[in-house]
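See below for work03.cif, which holds mmCIF, C-alpha atoms.
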```
data_input
loop_
_atom_site.label_atom_id
_atom_site.label_comp_id
_atom_site.auth_asym_id
_atom_site.auth_seq_id
_atom_site.Cartn_x
_atom_site.Cartn_y
_atom_site.Cartn_z
CA MET X 30 17.81 42.05 6.10
CA ARG X 31 17.09 39.36 3.54
CA ARG X 32 15.11 36.32 4.43
CA THR X 33 16.49 32.98 3.36
CA VAL X 34 14.26 30.13 2.32
CA THR X 35 15.43 26.56 2.77
CA PHE X 36 13.74 23.18 2.50
CA ARG X 37 13.89 19.97 4.45
CA LEU X 38 12.37 16.57 3.74
CA VAL X 39 10.65 15.25 6.89
CA VAL X 40 9.10 11.89 7.67
CA ASP X 41 6.13 11.08 9.87
CA PRO X 42 7.44 7.98 11.69
CA VAL X 43 3.92 6.85 12.59
CA ARG X 44 2.83 6.66 8.97
CA CYS X 45 6.09 5.21 7.65
CA ASP X 46 6.07 1.47 6.97
CA GLY X 47 9.56 1.17 5.57
CA PHE X 48 8.74 0.73 1.90
CA GLY X 49 12.04 2.41 1.04
CA HIS X 50 10.73 4.34 -1.97
CA CYS X 51 12.14 7.65 -0.63
CA ALA X 52 15.71 6.32 -0.56
CA GLU X 53 15.34 5.33 -4.21
CA LEU X 54 13.70 8.58 -5.31
CA ALA X 55 15.80 10.99 -3.23
CA PRO X 56 19.06 9.17 -2.41
CA GLU X 57 20.73 12.56 -1.80
CA LEU X 58 18.36 13.24 1.10
CA VAL X 59 17.46 9.81 2.48
CA THR X 60 19.43 6.82 3.62
CA LEU X 61 17.89 3.67 5.04
CA ASP X 62 18.76 2.18 8.38
CA GLU X 63 19.40 -1.49 8.97
CA TRP X 64 15.69 -2.26 9.04
CA GLY X 65 14.83 -0.29 5.94
CA TYR X 66 13.40 2.77 7.63
CA PRO X 67 14.48 6.20 6.40
CA VAL X 68 17.05 8.46 7.99
CA MET X 69 16.59 12.00 6.71
CA GLN X 70 19.42 14.39 6.01
CA ALA X 71 19.33 16.75 8.96
CA GLU X 72 20.41 20.01 7.37
CA ALA X 73 18.07 21.90 5.11
CA PHE X 74 18.94 22.53 1.46
CA PRO X 75 18.74 25.94 -0.21
CA GLN X 76 15.86 26.98 -2.42
CA SER X 77 18.28 27.42 -5.32
CA ASP X 78 18.99 23.68 -5.49
CA ARG X 79 16.32 22.72 -8.05
CA GLU X 80 17.61 19.17 -8.38
CA LEU X 81 17.26 18.38 -4.68
CA HIS X 82 13.87 20.07 -4.69
CA ARG X 83 12.73 17.82 -7.55
CA SER X 84 14.03 14.68 -5.82
CA ALA X 85 12.25 15.65 -2.63
CA GLN X 86 8.99 16.24 -4.50
CA LEU X 87 9.26 12.87 -6.21
CA ALA X 88 9.83 11.20 -2.84
CA VAL X 89 6.80 12.95 -1.32
CA ARG X 90 4.62 11.93 -4.24
CA GLY X 91 6.03 8.40 -4.44
CA CYS X 92 5.57 7.44 -0.80
CA PRO X 93 2.92 4.71 -0.59
CA ARG X 94 2.01 5.76 2.96
CA GLN X 95 1.97 9.56 2.51
CA ALA X 96 4.54 9.77 5.28
CA LEU X 97 6.75 12.46 3.74
CA ALA X 98 6.46 16.21 3.65
CA LEU X 99 8.62 18.93 2.19
CA GLN X 100 9.09 21.48 4.92
CA LYS X 101 9.69 25.09 3.98
CA ILE X 102 11.87 26.96 6.44
CA ILE X 103 11.94 30.75 6.36
CA SER X 104 14.66 32.27 8.49
CA ALA X 105 15.27 35.93 8.98
CA MET P 30 -28.59 5.01 -35.80
CA ILE P 31 -26.41 2.82 -37.94
CA ALA P 32 -23.36 3.05 -35.73
CA LEU P 33 -25.21 1.77 -32.69
CA THR P 34 -26.31 -1.41 -34.41
CA SER P 35 -22.83 -2.20 -35.63
CA PRO P 36 -21.62 -5.60 -34.39
CA TYR P 37 -18.24 -4.04 -33.62
CA ILE P 38 -19.65 -2.37 -30.51
CA TRP P 39 -20.64 -5.79 -29.24
CA TYR P 40 -17.22 -7.20 -30.14
CA THR P 41 -15.54 -4.27 -28.34
CA SER P 42 -17.71 -4.91 -25.30
CA ARG P 43 -16.62 -8.57 -25.24
CA ILE P 44 -12.91 -8.06 -25.73
CA SER P 45 -12.70 -5.05 -23.39
CA GLY P 46 -14.27 -7.22 -20.68
CA VAL P 47 -11.56 -9.84 -21.16
CA ILE P 48 -8.81 -7.21 -21.21
CA SER P 49 -10.25 -5.62 -18.05
CA LEU P 50 -9.90 -8.92 -16.21
CA VAL P 51 -6.30 -9.33 -17.36
CA MET P 52 -5.53 -5.73 -16.31
CA LEU P 53 -7.12 -6.26 -12.89
CA THR P 54 -4.95 -9.36 -12.47
CA LEU P 55 -1.85 -7.31 -13.27
CA VAL P 56 -2.87 -4.54 -10.86
CA ILE P 57 -3.51 -7.00 -8.02
CA VAL P 58 -0.22 -8.82 -8.57
CA LEU P 59 1.69 -5.51 -8.65
CA GLY P 60 -0.10 -4.47 -5.44
CA ILE P 61 0.99 -7.70 -3.77
CA LEU P 62 4.57 -7.10 -4.96
CA ILE P 63 4.48 -3.66 -3.31
CA SER P 64 3.14 -4.94 -0.01
CA THR P 65 5.74 -7.72 0.11
CA ARG P 66 8.53 -5.20 -0.55
CA VAL P 67 9.73 -6.75 -3.76
CA GLY P 68 12.32 -4.90 -5.80
CA GLY P 69 15.24 -2.68 -4.97
CA ARG P 70 17.97 -4.19 -7.09
CA ARG P 71 17.10 -4.58 -10.76
CA VAL P 72 13.76 -2.84 -10.52
CA GLY P 73 13.21 -0.01 -8.08
CA ARG P 74 10.45 -0.49 -5.56
CA PHE P 75 9.10 2.92 -6.47
CA GLU P 76 8.84 1.71 -10.07
CA ILE P 77 6.58 -1.17 -9.02
CA THR P 78 4.40 1.35 -7.17
CA GLU P 79 4.30 3.60 -10.24
CA MET P 80 3.30 0.66 -12.44
CA HIS P 81 0.60 -0.32 -9.94
CA ARG P 82 -0.77 3.23 -10.06
CA SER P 83 -0.65 3.71 -13.80
CA ILE P 84 -1.85 0.23 -14.81
CA SER P 85 -4.80 0.58 -12.41
CA LEU P 86 -5.77 3.68 -14.37
CA ILE P 87 -5.51 1.77 -17.66
CA ALA P 88 -7.63 -1.01 -16.14
CA MET P 89 -10.29 1.54 -15.19
CA ILE P 90 -10.30 2.86 -18.76
CA PHE P 91 -10.91 -0.65 -20.13
CA VAL P 92 -13.68 -1.21 -17.57
CA ALA P 93 -15.23 2.09 -18.67
CA LEU P 94 -14.98 1.03 -22.31
CA HIS P 95 -16.59 -2.31 -21.39
CA VAL P 96 -19.48 -0.55 -19.64
CA VAL P 97 -20.06 2.09 -22.34
CA THR P 98 -20.03 -0.38 -25.22
CA THR P 99 -22.26 -2.84 -23.36
CA VAL P 100 -24.85 -0.16 -22.60
CA ILE P 101 -24.95 1.53 -26.01
CA ASP P 102 -25.00 -1.78 -27.86
CA THR P 103 -28.49 -2.90 -28.79
CA TYR P 104 -27.72 -6.63 -28.86
CA VAL P 105 -28.37 -6.85 -25.12
CA ASN P 106 -30.71 -4.47 -23.35
CA ILE P 107 -28.85 -3.02 -20.37
CA ASP P 108 -29.45 0.51 -19.02
CA TRP P 109 -26.89 3.01 -17.70
CA ILE P 110 -28.22 2.56 -14.16
CA SER P 111 -27.07 -1.07 -14.24
CA ALA P 112 -23.46 0.07 -14.42
CA VAL P 113 -23.57 1.20 -10.79
CA VAL P 114 -26.75 -0.19 -9.22
CA PRO P 115 -26.89 -3.99 -8.96
CA MET P 116 -29.96 -6.05 -9.91
CA THR P 117 -31.39 -3.49 -12.31
CA SER P 118 -30.58 -5.23 -15.57
CA ASN P 119 -33.27 -6.99 -17.55
CA TYR P 120 -30.68 -9.10 -19.29
CA GLN P 121 -29.05 -11.78 -17.08
CA ARG P 122 -29.96 -9.96 -13.88
CA LEU P 123 -27.71 -11.74 -11.35
CA PRO P 124 -24.55 -12.21 -13.47
CA VAL P 125 -24.67 -8.57 -14.61
CA ALA P 126 -25.25 -7.49 -10.97
CA ILE P 127 -22.07 -9.31 -9.93
CA GLY P 128 -20.16 -7.28 -12.50
CA THR P 129 -21.81 -4.13 -11.13
CA VAL P 130 -20.63 -5.03 -7.63
CA ALA P 131 -17.10 -5.44 -9.01
CA ILE P 132 -17.30 -1.94 -10.50
CA ASP P 133 -18.69 -0.41 -7.29
CA LEU P 134 -15.86 -1.93 -5.25
CA MET P 135 -13.36 -0.73 -7.84
CA LEU P 136 -14.75 2.80 -7.59
CA ALA P 137 -14.50 2.66 -3.79
CA VAL P 138 -10.86 1.56 -3.99
CA TRP P 139 -10.05 4.21 -6.59
CA LEU P 140 -11.80 7.06 -4.74
CA SER P 141 -10.24 6.15 -1.41
CA SER P 142 -6.83 6.20 -3.07
CA GLN P 143 -7.50 9.63 -4.57
CA LEU P 144 -8.37 10.83 -1.06
CA LYS P 145 -5.45 9.00 0.52
CA GLU P 146 -3.95 12.14 2.05
CA ARG P 147 -7.17 13.05 3.80
CA ILE P 148 -8.46 9.78 5.19
CA ASP P 149 -7.17 7.58 7.97
CA PRO P 150 -4.52 5.14 6.64
CA ARG P 151 -6.29 2.23 8.35
CA ALA P 152 -9.56 3.11 6.64
CA TRP P 153 -7.77 3.36 3.30
CA ARG P 154 -6.20 -0.05 3.90
CA ALA P 155 -9.53 -1.64 4.79
CA VAL P 156 -11.16 -0.24 1.65
CA HIS P 157 -8.16 -1.22 -0.46
CA PHE P 158 -8.54 -4.86 0.60
CA SER P 159 -11.91 -4.95 -1.18
CA SER P 160 -9.96 -5.03 -4.44
CA TYR P 161 -9.69 -8.78 -3.83
CA ALA P 162 -13.48 -9.01 -3.60
CA SER P 163 -13.73 -6.89 -6.73
CA PHE P 164 -11.47 -9.30 -8.62
CA VAL P 165 -13.44 -12.33 -7.43
CA ALA P 166 -16.70 -10.66 -8.51
CA ALA P 167 -15.18 -9.72 -11.88
CA ALA P 168 -14.00 -13.30 -12.43
CA ILE P 169 -17.41 -14.78 -11.53
CA HIS P 170 -19.13 -12.20 -13.74
CA SER P 171 -16.88 -13.03 -16.68
CA TYR P 172 -17.47 -16.76 -16.24
CA LEU P 173 -21.25 -16.37 -16.00
CA VAL P 174 -21.96 -13.90 -18.83
CA GLY P 175 -18.73 -13.77 -20.79
CA THR P 176 -19.59 -14.80 -24.34
CA ASP P 177 -16.00 -15.85 -24.91
CA GLU P 178 -15.20 -17.33 -21.52
CA ARG P 179 -16.64 -20.76 -22.36
CA SER P 180 -14.41 -21.11 -25.40
CA LEU P 181 -11.02 -22.73 -24.96
CA TRP P 182 -8.97 -19.54 -25.07
CA GLY P 183 -11.48 -17.79 -22.84
CA LEU P 184 -11.16 -20.49 -20.21
CA ILE P 185 -7.37 -20.36 -20.53
CA VAL P 186 -7.34 -16.58 -19.94
CA LEU P 187 -9.83 -16.76 -17.06
CA GLY P 188 -8.04 -19.74 -15.51
CA SER P 189 -4.63 -18.11 -15.68
CA CYS P 190 -5.93 -14.84 -14.21
CA VAL P 191 -7.57 -16.60 -11.27
CA GLY P 192 -4.55 -18.89 -10.83
CA VAL P 193 -2.04 -16.04 -10.84
CA VAL P 194 -4.02 -13.98 -8.32
CA LEU P 195 -4.55 -17.03 -6.10
CA LEU P 196 -0.84 -17.93 -6.09
CA ALA P 197 0.22 -14.33 -5.46
CA THR P 198 -2.26 -14.04 -2.60
CA ILE P 199 -1.04 -17.26 -0.98
CA TRP P 200 2.51 -16.01 -1.38
CA ARG P 201 1.59 -12.72 0.28
CA VAL P 202 -0.04 -14.48 3.23
CA VAL P 203 2.49 -17.24 3.92
CA GLY P 204 5.56 -16.35 1.90
CA ARG P 205 7.11 -13.24 3.33
CA PRO P 206 6.88 -11.28 6.56
CA GLU P 207 5.10 -7.97 6.02
CA ARG P 208 7.28 -5.63 7.98
CA ALA P 209 10.92 -5.11 8.78
CA VAL P 210 12.03 -6.57 5.49
CA GLY P 211 12.51 -3.14 4.06
CA ARG P 212 16.11 -3.35 2.95
CA THR P 213 16.74 -2.30 -0.60
CA ALA P 214 20.00 -2.36 -2.46
CA LEU P 215 20.50 1.22 -1.36
CA SER P 216 20.36 0.63 2.38
CA PRO P 217 23.69 0.91 4.20
CA LEU P 218 23.78 -2.72 5.26
CA GLU P 219 23.33 -3.96 1.71
CA GLN P 220 25.87 -1.46 0.44
CA SER P 221 28.46 -2.61 2.94
CA LYS P 222 27.89 -6.21 1.84
CA ARG P 223 28.53 -5.30 -1.77
CA ARG P 224 31.77 -3.52 -1.00
#
```

As structure tokens, please, write out the structure in this file.
Amino acid sequence: MRRTVTFRLVVDPVRCDGFGHCAELAPELVTLDEWGYPVMQAEAFPQSDRELHRSAQLAVRGCPRQALALQKIISA
Amino acid sequence: MIALTSPYIWYTSRISGVISLVMLTLVIVLGILISTRVGGRRVGRFEITEMHRSISLIAMIFVALHVVTTVIDTYVNIDWISAVVPMTSNYQRLPVAIGTVAIDLMLAVWLSSQLKERIDPRAWRAVHFSSYASFVAAAIHSYLVGTDERSLWGLIVLGSCVGVVLLATIWRVVGRPERAVGRTALSPLEQSKRR
């Protein structure tokens, strides 16, 4: 049985102040609601997608409130 | 040593002090632009944040250059300790001490930002606000001991720096609401308007 590794960008809603940087840095993964707060793409993306991985990393690094994390999901 | 008595070290000290003040002005204005959620159409908001981060580093480098050249220069007698501990300089004790306070506050702001992931966001915010105090101290310091600040161009530079920061601060306080103004050009509401 092979394990599959996927990633998901998650937001800590307590830390988030709606700066909107994530939607600019990772538009594939983040959309903003009416008030400018992020709505994350629910499904995880595969490890092979380097481009999405890079976008997610930029969003994590670019957040002025350190509210983002790149979650690694290992499923059997 | 011949190099250490060169007048160019003194000149570098003077001009790097002026450039530091201009850089600090830029950094503060960019910080205010971030907190008021400017950008999102022509310039990305994340780009303003990146500029704030990188220009603050450049500002620190100019401050470091200002300190190093001032200490190694023999024209005024200031020790290394005076760069971080106030009221230790034999030359112009109080005005130099005000510059030292500006540096200490700057270091606090910089260090707290480096540790941003580990410290409480409210603590970071409180420390970050002392950048205003740092700018005020830097401006007073430059007016009191700046060799060039009493000249016409010096006063113009100092006056514009203080004026720009003052206007930006007033704008931050009264101009825009701080939260819930987070729409950028990419948010769905704005996109539907453009369609």

Write out as a ChimeraX atom specification which residues come within 12 Å of Cys51 (chain X) when counting all atoms listed in the file, dropping same-chain ones fewer than 6 positions away.
/X:38-40,45,57-61,65-70,84-98 /P:69,73-76,78,211,213,215-216

What's the separation between CA of Ser142 (chain P) and CA of His157 (chain P), in Å to one decimal place?
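About the pair CA of Ser142 (chain P) and CA of His157 (chain P): they are 8.0 Å apart.
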
Using only C-alpha atoms, which residue out of X:Leu81, X:Ala73, X:Val43, X:Ile103 lies closest to chain P?
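Among the listed residues, the smallest separation from chain P belongs to X:Val43.
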
With only C-alpha atoms as the basis for distance, which of P:Ile84, P:Trp153, P:Tyr104, P:Thr99 is at the shortest distance from chain X?
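Using only C-alpha atoms, the shortest distance to chain X belongs to P:Trp153.
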
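Proximity to chain P at a cut-off of 6 Å picks out X:Gly47, X:Phe48, X:His50, X:Leu61, X:Glu63, X:Trp64, X:Gly65 on chain X, counting all atoms listed in the file.
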